[in-house]
$ cat my_file.json   # JSON, C-alpha atoms
[["chain", "number", "residue", "atom", "x", "y", "z"],
["A", 1, "MET", "CA", -25.79, -6.79, 1.51],
["A", 2, "GLU", "CA", -22.47, -6.01, 3.16],
["A", 3, "TRP", "CA", -19.24, -7.90, 2.47],
["A", 4, "HIS", "CA", -16.55, -8.33, 5.08],
["A", 5, "GLN", "CA", -13.13, -9.91, 4.74],
["A", 6, "VAL", "CA", -12.31, -12.50, 7.39],
["A", 7, "GLN", "CA", -8.70, -13.21, 8.30],
["A", 8, "SER", "CA", -7.09, -15.95, 10.35],
["A", 9, "GLN", "CA", -4.78, -15.35, 13.31],
["A", 10, "LEU", "CA", -1.88, -15.25, 10.82],
["A", 11, "ARG", "CA", -3.62, -12.38, 9.03],
["A", 12, "GLN", "CA", -4.25, -14.55, 6.00],
["A", 13, "LEU", "CA", -7.63, -15.14, 4.39],
["A", 14, "ALA", "CA", -9.66, -17.45, 6.59],
["A", 15, "LEU", "CA", -10.04, -21.09, 5.55],
["A", 16, "PRO", "CA", -13.45, -22.38, 4.37],
["A", 17, "SER", "CA", -13.75, -24.26, 7.68],
["A", 18, "ILE", "CA", -13.54, -20.98, 9.60],
["A", 19, "ILE", "CA", -16.13, -19.32, 7.36],
["A", 20, "ALA", "CA", -18.43, -22.33, 7.82],
["A", 21, "GLN", "CA", -18.23, -21.97, 11.61],
["A", 22, "ILE", "CA", -19.03, -18.25, 11.39],
["A", 23, "GLU", "CA", -22.01, -18.95, 9.14],
["A", 24, "LYS", "CA", -23.23, -21.59, 11.61],
["A", 25, "GLU", "CA", -23.11, -19.10, 14.48],
["A", 26, "LEU", "CA", -24.86, -16.44, 12.41],
["A", 27, "ALA", "CA", -27.65, -18.86, 11.53],
["A", 28, "VAL", "CA", -28.30, -19.42, 15.23],
["A", 29, "VAL", "CA", -28.49, -15.68, 15.82],
["A", 30, "GLN", "CA", -30.93, -15.19, 12.96],
["A", 31, "GLN", "CA", -33.17, -18.09, 13.99],
["A", 32, "THR", "CA", -33.41, -17.09, 17.65],
["A", 33, "SER", "CA", -33.89, -13.36, 16.99],
["A", 34, "VAL", "CA", -31.09, -12.38, 19.34],
["A", 35, "PRO", "CA", -31.37, -8.63, 19.98],
["A", 36, "PRO", "CA", -28.43, -6.49, 18.83],
["A", 37, "LEU", "CA", -25.89, -5.47, 21.40],
["A", 38, "PRO", "CA", -26.29, -1.90, 22.70],
["A", 39, "ALA", "CA", -23.99, 0.69, 21.19],
["A", 40, "ARG", "CA", -20.82, 1.28, 23.24],
["A", 41, "LYS", "CA", -19.66, 4.62, 21.92],
["A", 42, "ASN", "CA", -16.95, 4.85, 24.57],
["A", 43, "LEU", "CA", -15.07, 2.11, 22.67],
["A", 44, "ILE", "CA", -15.01, 4.12, 19.45],
["A", 45, "GLN", "CA", -12.26, 6.67, 19.02],
["A", 46, "ARG", "CA", -11.86, 8.94, 16.02],
["A", 47, "LEU", "CA", -8.50, 8.55, 14.31],
["A", 48, "GLU", "CA", -6.87, 11.32, 12.32],
["A", 49, "PRO", "CA", -3.42, 10.04, 11.31],
["A", 50, "ARG", "CA", -2.49, 12.74, 8.81],
["A", 51, "ALA", "CA", -0.55, 14.95, 11.22],
["A", 52, "ARG", "CA", 1.58, 11.98, 12.27],
["A", 53, "ILE", "CA", 2.16, 11.05, 8.62],
["A", 54, "TRP", "CA", 3.32, 14.59, 7.78],
["A", 55, "THR", "CA", 5.76, 14.57, 10.69],
["A", 56, "HIS", "CA", 7.09, 11.04, 10.18],
["A", 57, "SER", "CA", 7.59, 11.56, 6.43],
["A", 58, "LYS", "CA", 10.18, 14.23, 7.17],
["A", 59, "LYS", "CA", 12.30, 11.54, 8.86],
["A", 60, "LEU", "CA", 12.07, 9.22, 5.86],
["A", 61, "VAL", "CA", 12.07, 11.46, 2.80],
["A", 62, "ASP", "CA", 14.64, 14.01, 1.66],
["A", 63, "TRP", "CA", 12.06, 16.57, 0.54],
["A", 64, "LYS", "CA", 14.69, 19.25, -0.08],
["A", 65, "ARG", "CA", 16.39, 16.97, -2.58],
["A", 66, "LEU", "CA", 13.10, 16.16, -4.29],
["A", 67, "ARG", "CA", 12.21, 19.85, -4.59],
["A", 68, "ALA", "CA", 15.61, 20.54, -6.11],
["A", 69, "ARG", "CA", 14.96, 17.94, -8.82],
["A", 70, "ASN", "CA", 11.76, 19.78, -9.77],
["A", 71, "PHE", "CA", 9.77, 16.57, -10.12],
["A", 72, "ALA", "CA", 6.16, 16.54, -11.30],
["A", 73, "SER", "CA", 4.19, 13.59, -9.97],
["A", 74, "SER", "CA", 0.80, 12.14, -10.84],
["A", 75, "ARG", "CA", -1.15, 9.60, -8.86],
["A", 76, "MET", "CA", -4.19, 7.36, -9.24],
["A", 77, "SER", "CA", -6.14, 7.07, -6.00],
["A", 78, "CYS", "CA", -8.99, 4.76, -5.03],
["A", 79, "MET", "CA", -11.30, 5.69, -2.18],
["A", 80, "ALA", "CA", -9.37, 5.33, 1.10],
["A", 81, "ARG", "CA", -6.16, 6.88, -0.24],
["A", 82, "ARG", "CA", -7.91, 9.84, -1.83],
["A", 83, "GLY", "CA", -6.06, 13.11, -1.33],
["A", 84, "LEU", "CA", -3.46, 11.76, 1.07],
["A", 85, "LEU", "CA", -0.39, 11.47, -1.14],
["A", 86, "VAL", "CA", -1.16, 14.56, -3.20],
["A", 87, "GLU", "CA", -1.44, 16.59, 0.02],
["A", 88, "LEU", "CA", 1.83, 15.11, 1.28],
["A", 89, "PHE", "CA", 3.63, 16.14, -1.90],
["A", 90, "ARG", "CA", 2.15, 19.61, -2.02],
["A", 91, "ARG", "CA", 2.87, 20.27, 1.65],
["A", 92, "ASN", "CA", 6.52, 19.66, 0.85],
["A", 93, "GLY", "CA", 6.66, 21.75, -2.30],
["A", 94, "VAL", "CA", 6.56, 18.92, -4.87],
["A", 95, "ALA", "CA", 4.24, 19.48, -7.85],
["A", 96, "CYS", "CA", 1.55, 16.81, -7.92],
["A", 97, "ASP", "CA", -1.73, 16.03, -9.66],
["A", 98, "GLU", "CA", -4.35, 13.39, -8.85],
["A", 99, "ILE", "CA", -6.86, 11.26, -10.76],
["A", 100, "ARG", "CA", -9.60, 9.05, -9.33],
["A", 101, "GLY", "CA", -9.36, 10.83, -6.02],
["A", 102, "THR", "CA", -13.10, 10.85, -5.33],
["A", 103, "ARG", "CA", -15.15, 8.35, -3.33],
["A", 104, "ASP", "CA", -16.43, 5.83, -5.84],
["A", 105, "PRO", "CA", -17.62, 2.31, -4.87],
["A", 106, "ARG", "CA", -17.29, 1.27, -8.53],
["A", 107, "PHE", "CA", -13.64, 2.40, -8.74],
["A", 108, "GLY", "CA", -14.15, 4.08, -12.08],
["A", 109, "GLY", "CA", -15.42, 0.85, -13.59],
["A", 110, "VAL", "CA", -12.12, -1.06, -13.17],
["A", 111, "HIS", "CA", -10.82, -3.51, -10.60],
["A", 112, "PRO", "CA", -9.26, -1.57, -7.67],
["A", 113, "GLU", "CA", -5.84, -3.19, -7.92],
["A", 114, "PRO", "CA", -2.72, -1.14, -8.80],
["A", 115, "ILE", "CA", -1.61, -3.59, -11.49],
["A", 116, "GLU", "CA", -2.01, -3.91, -15.23],
["A", 117, "PRO", "CA", -4.40, -3.53, -16.99],
["A", 118, "HIS", "CA", -6.22, -1.53, -14.29],
["A", 119, "ILE", "CA", -3.69, 1.33, -14.24],
["A", 120, "GLU", "CA", -4.11, 2.35, -17.87],
["A", 121, "ALA", "CA", -5.75, 5.66, -16.90],
["A", 122, "LEU", "CA", -2.70, 6.51, -14.80],
["A", 123, "ARG", "CA", -0.34, 5.64, -17.65],
["A", 124, "GLN", "CA", -2.23, 7.93, -20.01],
["A", 125, "ALA", "CA", -2.26, 10.73, -17.41],
["A", 126, "VAL", "CA", 1.50, 10.47, -16.92],
["A", 127, "LEU", "CA", 2.22, 10.50, -20.65],
["A", 128, "ALA", "CA", -0.28, 13.26, -21.45],
["A", 129, "GLY", "CA", 0.90, 15.48, -18.59],
["A", 130, "LYS", "CA", 4.59, 14.71, -19.13],
["A", 131, "PHE", "CA", 4.95, 13.76, -15.47],
["A", 132, "ASP", "CA", 8.11, 12.22, -14.06],
["A", 133, "ALA", "CA", 6.23, 9.41, -12.33],
["A", 134, "GLY", "CA", 2.82, 8.06, -11.45],
["A", 135, "LEU", "CA", 2.06, 6.36, -8.12],
["A", 136, "CYS", "CA", -1.01, 4.23, -7.47],
["A", 137, "ALA", "CA", -2.61, 2.35, -4.59],
["A", 138, "ASP", "CA", -5.60, 0.09, -4.05],
["A", 139, "GLY", "CA", -8.70, 1.00, -2.04],
["A", 140, "ASP", "CA", -7.20, 0.62, 1.43],
["A", 141, "GLY", "CA", -3.66, 1.57, 0.49],
["A", 142, "ASP", "CA", -1.85, -1.69, 1.23],
["A", 143, "ARG", "CA", -0.94, -2.43, -2.40],
["A", 144, "ILE", "CA", 1.19, -0.18, -4.56],
["A", 145, "GLY", "CA", 2.37, 0.27, -8.11],
["A", 146, "ALA", "CA", 4.03, 2.92, -10.25],
["A", 147, "ILE", "CA", 4.41, 4.24, -13.78],
["A", 148, "ASP", "CA", 7.66, 5.77, -14.98],
["A", 149, "ARG", "CA", 7.91, 8.81, -17.26],
["A", 150, "ASP", "CA", 7.89, 6.57, -20.36],
["A", 151, "GLY", "CA", 4.66, 4.82, -19.34],
["A", 152, "MET", "CA", 6.30, 1.60, -18.16],
["A", 153, "PHE", "CA", 4.61, -0.16, -15.25],
["A", 154, "VAL", "CA", 6.72, -0.80, -12.14],
["A", 155, "ASN", "CA", 5.28, -3.62, -10.03],
["A", 156, "PRO", "CA", 5.51, -3.89, -6.21],
["A", 157, "HIS", "CA", 8.38, -6.39, -6.30],
["A", 158, "GLN", "CA", 10.42, -4.00, -8.45],
["A", 159, "ILE", "CA", 9.58, -1.11, -6.13],
["A", 160, "PHE", "CA", 10.77, -3.01, -3.07],
["A", 161, "ALA", "CA", 13.88, -4.13, -4.95],
["A", 162, "LEU", "CA", 14.67, -0.47, -5.67],
["A", 163, "LEU", "CA", 14.12, 0.37, -2.00],
["A", 164, "VAL", "CA", 16.49, -2.38, -0.89],
["A", 165, "TRP", "CA", 19.11, -1.15, -3.37],
["A", 166, "HIS", "CA", 18.60, 2.41, -2.09],
["A", 167, "LEU", "CA", 18.97, 1.35, 1.54],
["A", 168, "ARG", "CA", 22.10, -0.64, 0.71],
["A", 169, "GLU", "CA", 23.64, 2.37, -1.05],
["A", 170, "ARG", "CA", 22.94, 4.44, 2.05],
["A", 171, "ALA", "CA", 24.44, 1.67, 4.25],
["A", 172, "THR", "CA", 21.19, 1.27, 6.21],
["A", 173, "CYS", "CA", 20.32, -2.23, 4.96],
["A", 174, "ARG", "CA", 22.86, -4.22, 6.96],
["A", 175, "GLU", "CA", 21.67, -7.54, 8.29],
["A", 176, "THR", "CA", 18.20, -8.71, 7.32],
["A", 177, "LEU", "CA", 15.93, -8.81, 4.31],
["A", 178, "PRO", "CA", 12.46, -9.96, 5.41],
["A", 179, "ASP", "CA", 10.36, -11.74, 2.79],
["A", 180, "VAL", "CA", 6.70, -12.49, 3.31],
["A", 181, "LEU", "CA", 5.75, -12.96, -0.33],
["A", 182, "ARG", "CA", 8.12, -15.86, -1.07],
["A", 183, "HIS", "CA", 9.23, -14.06, -4.21],
["A", 184, "GLN", "CA", 12.42, -15.05, -6.01],
["A", 185, "THR", "CA", 13.36, -11.38, -6.37],
["A", 186, "TYR", "CA", 14.17, -11.09, -2.66],
["A", 187, "ARG", "CA", 16.18, -14.30, -2.60],
["A", 188, "GLN", "CA", 18.28, -12.95, -5.46],
["A", 189, "LEU", "CA", 18.73, -9.60, -3.73],
["A", 190, "ALA", "CA", 19.78, -11.27, -0.49],
["A", 191, "ALA", "CA", 22.38, -13.32, -2.34],
["A", 192, "LYS", "CA", 23.64, -10.38, -4.40],
["A", 193, "PHE", "CA", 23.99, -8.05, -1.42],
["A", 194, "ASP", "CA", 25.12, -10.81, 0.97],
["A", 195, "ARG", "CA", 22.18, -10.29, 3.31],
["A", 196, "LYS", "CA", 20.38, -12.88, 5.41],
["A", 197, "LEU", "CA", 16.85, -13.61, 4.19],
["A", 198, "HIS", "CA", 14.04, -14.16, 6.71],
["A", 199, "GLU", "CA", 10.78, -15.67, 5.44],
["A", 200, "THR", "CA", 7.66, -15.24, 7.57],
["A", 201, "PRO", "CA", 4.13, -16.72, 7.25],
["A", 202, "SER", "CA", 2.45, -13.31, 7.34],
["A", 203, "ALA", "CA", 1.08, -11.83, 4.12],
["A", 204, "SER", "CA", 0.43, -8.39, 5.60],
["A", 205, "SER", "CA", 3.58, -6.49, 4.68],
["A", 206, "THR", "CA", 7.01, -6.59, 3.11],
["A", 207, "SER", "CA", 9.95, -4.48, 4.25],
["A", 208, "ALA", "CA", 13.70, -4.25, 4.39],
["A", 209, "SER", "CA", 15.79, -3.20, 7.35]]
$ encode --input "my_file.json" --output "structure tokens"
Amino acid sequence: MEWHQVQSQLRQLALPSIIAQIEKELAVVQQTSVPPLPARKNLIQRLEPRARIWTHSKKLVDWKRLRARNFASSRMSCMARRGLLVELFRRNGVACDEIRGTRDPRFGGVHPEPIEPHIEALRQAVLAGKFDAGLCADGDGDRIGAIDRDGMFVNPHQIFALLVWHLRERATCRETLPDVLRHQTYRQLAAKFDRKLHETPSASSTSAS
């Protein structure tokens, strides 16, 4: 049996009423033995985004500065993110190791979320290897977390707060602070840095500009 996530037009999880309508339509298809649509291979295009990621990262990250700090990074990866970040670091001369970087539908026996307690293996890897930091992501790479050199977990809200502080220090966070998670952290940051806060209904991303 396959499982698929259904989202509404706002890119939020679909309401039960939407799922019920989909199930109703599927029941009709199953009962009437509707033949499958023919394959339309011309609509399928292979995507290889790595080259673009390597190039774009040079515009966002001061790799020379990171190399000068002689950081050693460790990362926990789940399925879709396997190998990507470790290759990015190594391409730019930053020492990096990786755990859970293999394809595994059971995610090493833990829930594939980069939050406690599921990141314990990463914490132990960072402490045992004396790494400066550990970075983790979920299966499709849209959730993040981190471990500092002392084994302390840094949640996504704290990570974004650090990014906002960093952008402010570099005078690139001037006018807006978008908030899609309705989290008090961003309201406090907007007030502290005298920035206008915009709240949106989308739950797909959070960023600062």
$ closest_atom_pairs --input "my_file.json" --of "range 120-198 of chain A" --to "range 89-109 of chain A" --cutoff "9 Å" --atoms "all atoms listed in the file" --output "Markdown table"
| residue | atom | partner | partner_atom | distance |
| --- | --- | --- | --- | --- |
| A:Ala121 | CA | A:Ile99 | CA | 8.4 |
| A:Leu122 | CA | A:Ile99 | CA | 7.5 |
| A:Ala125 | CA | A:Ile99 | CA | 8.1 |
| A:Phe131 | CA | A:Cys96 | CA | 8.8 |
| A:Gly139 | CA | A:Phe107 | CA | 8.4 |
$ residues_around --input "my_file.json" --residues "His118 in chain A" --least-positions-apart "4" --cutoff "12 Å" --atoms "all atoms listed in the file" --output "VMD selection string"
chain A and resid 76 to 78 107 to 114 122 to 124 136 to 138 145 to 146 153
$ write_last_selection --input "my_file.json" --atoms "C-alpha atoms" --output "mmCIF file, keeping the file's coordinate frame"
data_model
loop_
_atom_site.group_PDB
_atom_site.id
_atom_site.type_symbol
_atom_site.label_atom_id
_atom_site.label_comp_id
_atom_site.auth_asym_id
_atom_site.auth_seq_id
_atom_site.Cartn_x
_atom_site.Cartn_y
_atom_site.Cartn_z
ATOM 1 C CA MET A 76 -4.190 7.360 -9.240
ATOM 2 C CA SER A 77 -6.140 7.070 -6.000
ATOM 3 C CA CYS A 78 -8.990 4.760 -5.030
ATOM 4 C CA PHE A 107 -13.640 2.400 -8.740
ATOM 5 C CA GLY A 108 -14.150 4.080 -12.080
ATOM 6 C CA GLY A 109 -15.420 0.850 -13.590
ATOM 7 C CA VAL A 110 -12.120 -1.060 -13.170
ATOM 8 C CA HIS A 111 -10.820 -3.510 -10.600
ATOM 9 C CA PRO A 112 -9.260 -1.570 -7.670
ATOM 10 C CA GLU A 113 -5.840 -3.190 -7.920
ATOM 11 C CA PRO A 114 -2.720 -1.140 -8.800
ATOM 12 C CA LEU A 122 -2.700 6.510 -14.800
ATOM 13 C CA ARG A 123 -0.340 5.640 -17.650
ATOM 14 C CA GLN A 124 -2.230 7.930 -20.010
ATOM 15 C CA CYS A 136 -1.010 4.230 -7.470
ATOM 16 C CA ALA A 137 -2.610 2.350 -4.590
ATOM 17 C CA ASP A 138 -5.600 0.090 -4.050
ATOM 18 C CA GLY A 145 2.370 0.270 -8.110
ATOM 19 C CA ALA A 146 4.030 2.920 -10.250
ATOM 20 C CA PHE A 153 4.610 -0.160 -15.250
#
$ axis_aligned_box --input "my_file.json" --around "range 158-164 of chain A" --padding-each-side "8 Å" --output "JSON"
{"center_x": 13.0, "center_y": -1.9, "center_z": -4.7, "size_x": 22.9, "size_y": 20.5, "size_z": 23.6}
$ atom_distance --input "my_file.json" --atom1 "CA of Ala133 in chain A" --atom2 "CA of Gln184 in chain A"
26.0 Å
$ closest_residue --input "my_file.json" --among "A:Arg187, A:Glu23, A:Arg149, A:Leu60" --to "Leu167 in chain A" --atoms "all atoms listed in the file"
A:Leu60
$ atom_distance --input "my_file.json" --atom1 "CA of Gln188 in chain A" --atom2 "CA of Glu169 in chain A"
16.8 Å
$ closest_residue --input "my_file.json" --among "A:Leu84, A:Val6, A:Asn70, A:Ile18" --to "Gly141 in chain A" --atoms "only C-alpha atoms"
A:Leu84
$ atom_distance --input "my_file.json" --atom1 "CA of Ser57 in chain A" --atom2 "CA of Ala128 in chain A"
29.0 Å
$ residues_around --input "my_file.json" --residues "Lys192 in chain A" --least-positions-apart "4" --cutoff "12 Å" --atoms "only C-alpha atoms" --output "list in words"
Ala161, Val164, Trp165, Arg168, Leu177, Thr185, Tyr186, Arg187, Gln188, Lys196 and Leu197 of chain A
$ write_last_selection --input "my_file.json" --atoms "C-alpha atoms" --output "tab-separated table (two decimals), in the frame of the given file"
chain	number	residue	atom	x	y	z
A	161	ALA	CA	13.88	-4.13	-4.95
A	164	VAL	CA	16.49	-2.38	-0.89
A	165	TRP	CA	19.11	-1.15	-3.37
A	168	ARG	CA	22.10	-0.64	0.71
A	177	LEU	CA	15.93	-8.81	4.31
A	185	THR	CA	13.36	-11.38	-6.37
A	186	TYR	CA	14.17	-11.09	-2.66
A	187	ARG	CA	16.18	-14.30	-2.60
A	188	GLN	CA	18.28	-12.95	-5.46
A	196	LYS	CA	20.38	-12.88	5.41
A	197	LEU	CA	16.85	-13.61	4.19
$ build_atoms --input "my_file.json" --residues "range 94-105 of chain A" --atoms "all heavy atoms" --output "mmCIF file, in the coordinates of the input"
data_model
loop_
_atom_site.group_PDB
_atom_site.id
_atom_site.type_symbol
_atom_site.label_atom_id
_atom_site.label_comp_id
_atom_site.auth_asym_id
_atom_site.auth_seq_id
_atom_site.Cartn_x
_atom_site.Cartn_y
_atom_site.Cartn_z
ATOM 1 N N VAL A 94 6.371 19.742 -3.669
ATOM 2 C CA VAL A 94 6.560 18.920 -4.870
ATOM 3 C C VAL A 94 5.292 18.960 -5.704
ATOM 4 O O VAL A 94 4.214 18.635 -5.203
ATOM 5 C CB VAL A 94 6.905 17.463 -4.504
ATOM 6 C CG1 VAL A 94 7.062 16.615 -5.762
ATOM 7 C CG2 VAL A 94 8.175 17.407 -3.674
ATOM 8 N N ALA A 95 5.413 19.372 -6.979
ATOM 9 C CA ALA A 95 4.240 19.480 -7.850
ATOM 10 C C ALA A 95 3.576 18.124 -7.999
ATOM 11 O O ALA A 95 4.231 17.104 -8.205
ATOM 12 C CB ALA A 95 4.663 20.014 -9.222
ATOM 13 N N CYS A 96 2.256 18.085 -7.884
ATOM 14 C CA CYS A 96 1.550 16.810 -7.920
ATOM 15 C C CYS A 96 0.124 17.004 -8.428
ATOM 16 O O CYS A 96 -0.516 18.020 -8.162
ATOM 17 C CB CYS A 96 1.516 16.203 -6.516
ATOM 18 S SG CYS A 96 0.750 14.579 -6.438
ATOM 19 N N ASP A 97 -0.353 16.041 -9.192
ATOM 20 C CA ASP A 97 -1.730 16.030 -9.660
ATOM 21 C C ASP A 97 -2.356 14.713 -9.211
ATOM 22 O O ASP A 97 -1.645 13.794 -8.799
ATOM 23 C CB ASP A 97 -1.778 16.153 -11.186
ATOM 24 C CG ASP A 97 -3.142 16.581 -11.682
ATOM 25 O OD1 ASP A 97 -4.020 16.820 -10.828
ATOM 26 O OD2 ASP A 97 -3.334 16.645 -12.900
ATOM 27 N N GLU A 98 -3.678 14.603 -9.318
ATOM 28 C CA GLU A 98 -4.350 13.390 -8.850
ATOM 29 C C GLU A 98 -5.517 13.039 -9.771
ATOM 30 O O GLU A 98 -6.249 13.915 -10.236
ATOM 31 C CB GLU A 98 -4.870 13.597 -7.423
ATOM 32 C CG GLU A 98 -5.583 12.383 -6.852
ATOM 33 C CD GLU A 98 -6.079 12.618 -5.445
ATOM 34 O OE1 GLU A 98 -6.764 13.642 -5.230
ATOM 35 O OE2 GLU A 98 -5.793 11.796 -4.560
ATOM 36 N N ILE A 99 -5.684 11.742 -10.049
ATOM 37 C CA ILE A 99 -6.860 11.260 -10.760
ATOM 38 C C ILE A 99 -7.529 10.196 -9.902
ATOM 39 O O ILE A 99 -6.899 9.588 -9.042
ATOM 40 C CB ILE A 99 -6.505 10.675 -12.147
ATOM 41 C CG1 ILE A 99 -5.630 9.419 -12.005
ATOM 42 C CG2 ILE A 99 -5.823 11.711 -13.017
ATOM 43 C CD1 ILE A 99 -5.385 8.705 -13.318
ATOM 44 N N ARG A 100 -8.814 10.017 -10.109
ATOM 45 C CA ARG A 100 -9.600 9.050 -9.330
ATOM 46 C C ARG A 100 -9.421 9.261 -7.830
ATOM 47 O O ARG A 100 -9.221 8.314 -7.069
ATOM 48 C CB ARG A 100 -9.215 7.617 -9.715
ATOM 49 C CG ARG A 100 -9.620 7.285 -11.144
ATOM 50 C CD ARG A 100 -9.362 5.850 -11.472
ATOM 51 N NE ARG A 100 -9.774 5.580 -12.853
ATOM 52 C CZ ARG A 100 -9.509 4.460 -13.505
ATOM 53 N NH1 ARG A 100 -8.838 3.504 -12.915
ATOM 54 N NH2 ARG A 100 -9.901 4.301 -14.743
ATOM 55 N N GLY A 101 -9.514 10.508 -7.430
ATOM 56 C CA GLY A 101 -9.360 10.830 -6.020
ATOM 57 C C GLY A 101 -10.677 11.029 -5.309
ATOM 58 O O GLY A 101 -10.695 11.519 -4.182
ATOM 59 N N THR A 102 -11.789 10.671 -5.941
ATOM 60 C CA THR A 102 -13.100 10.850 -5.330
ATOM 61 C C THR A 102 -13.628 9.515 -4.805
ATOM 62 O O THR A 102 -13.229 8.451 -5.272
ATOM 63 C CB THR A 102 -14.108 11.424 -6.336
ATOM 64 O OG1 THR A 102 -14.187 10.537 -7.477
ATOM 65 C CG2 THR A 102 -13.653 12.795 -6.812
ATOM 66 N N ARG A 103 -14.536 9.570 -3.870
ATOM 67 C CA ARG A 103 -15.150 8.350 -3.330
ATOM 68 C C ARG A 103 -16.028 7.724 -4.411
ATOM 69 O O ARG A 103 -16.965 8.350 -4.915
ATOM 70 C CB ARG A 103 -16.006 8.690 -2.103
ATOM 71 C CG ARG A 103 -16.617 7.455 -1.420
ATOM 72 C CD ARG A 103 -17.556 7.882 -0.316
ATOM 73 N NE ARG A 103 -16.862 8.583 0.739
ATOM 74 C CZ ARG A 103 -16.292 7.983 1.785
ATOM 75 N NH1 ARG A 103 -16.325 6.669 1.895
ATOM 76 N NH2 ARG A 103 -15.697 8.698 2.711
ATOM 77 N N ASP A 104 -15.711 6.505 -4.768
ATOM 78 C CA ASP A 104 -16.430 5.830 -5.840
ATOM 79 C C ASP A 104 -16.435 4.322 -5.582
ATOM 80 O O ASP A 104 -15.410 3.656 -5.768
ATOM 81 C CB ASP A 104 -15.768 6.131 -7.196
ATOM 82 C CG ASP A 104 -16.471 5.437 -8.359
ATOM 83 O OD1 ASP A 104 -17.543 4.833 -8.142
ATOM 84 O OD2 ASP A 104 -15.942 5.495 -9.482
ATOM 85 N N PRO A 105 -17.571 3.750 -5.152
ATOM 86 C CA PRO A 105 -17.620 2.310 -4.870
ATOM 87 C C PRO A 105 -17.423 1.440 -6.101
ATOM 88 O O PRO A 105 -17.177 0.242 -5.980
ATOM 89 C CB PRO A 105 -19.011 2.109 -4.260
ATOM 90 C CG PRO A 105 -19.816 3.254 -4.780
ATOM 91 C CD PRO A 105 -18.857 4.402 -4.883
#
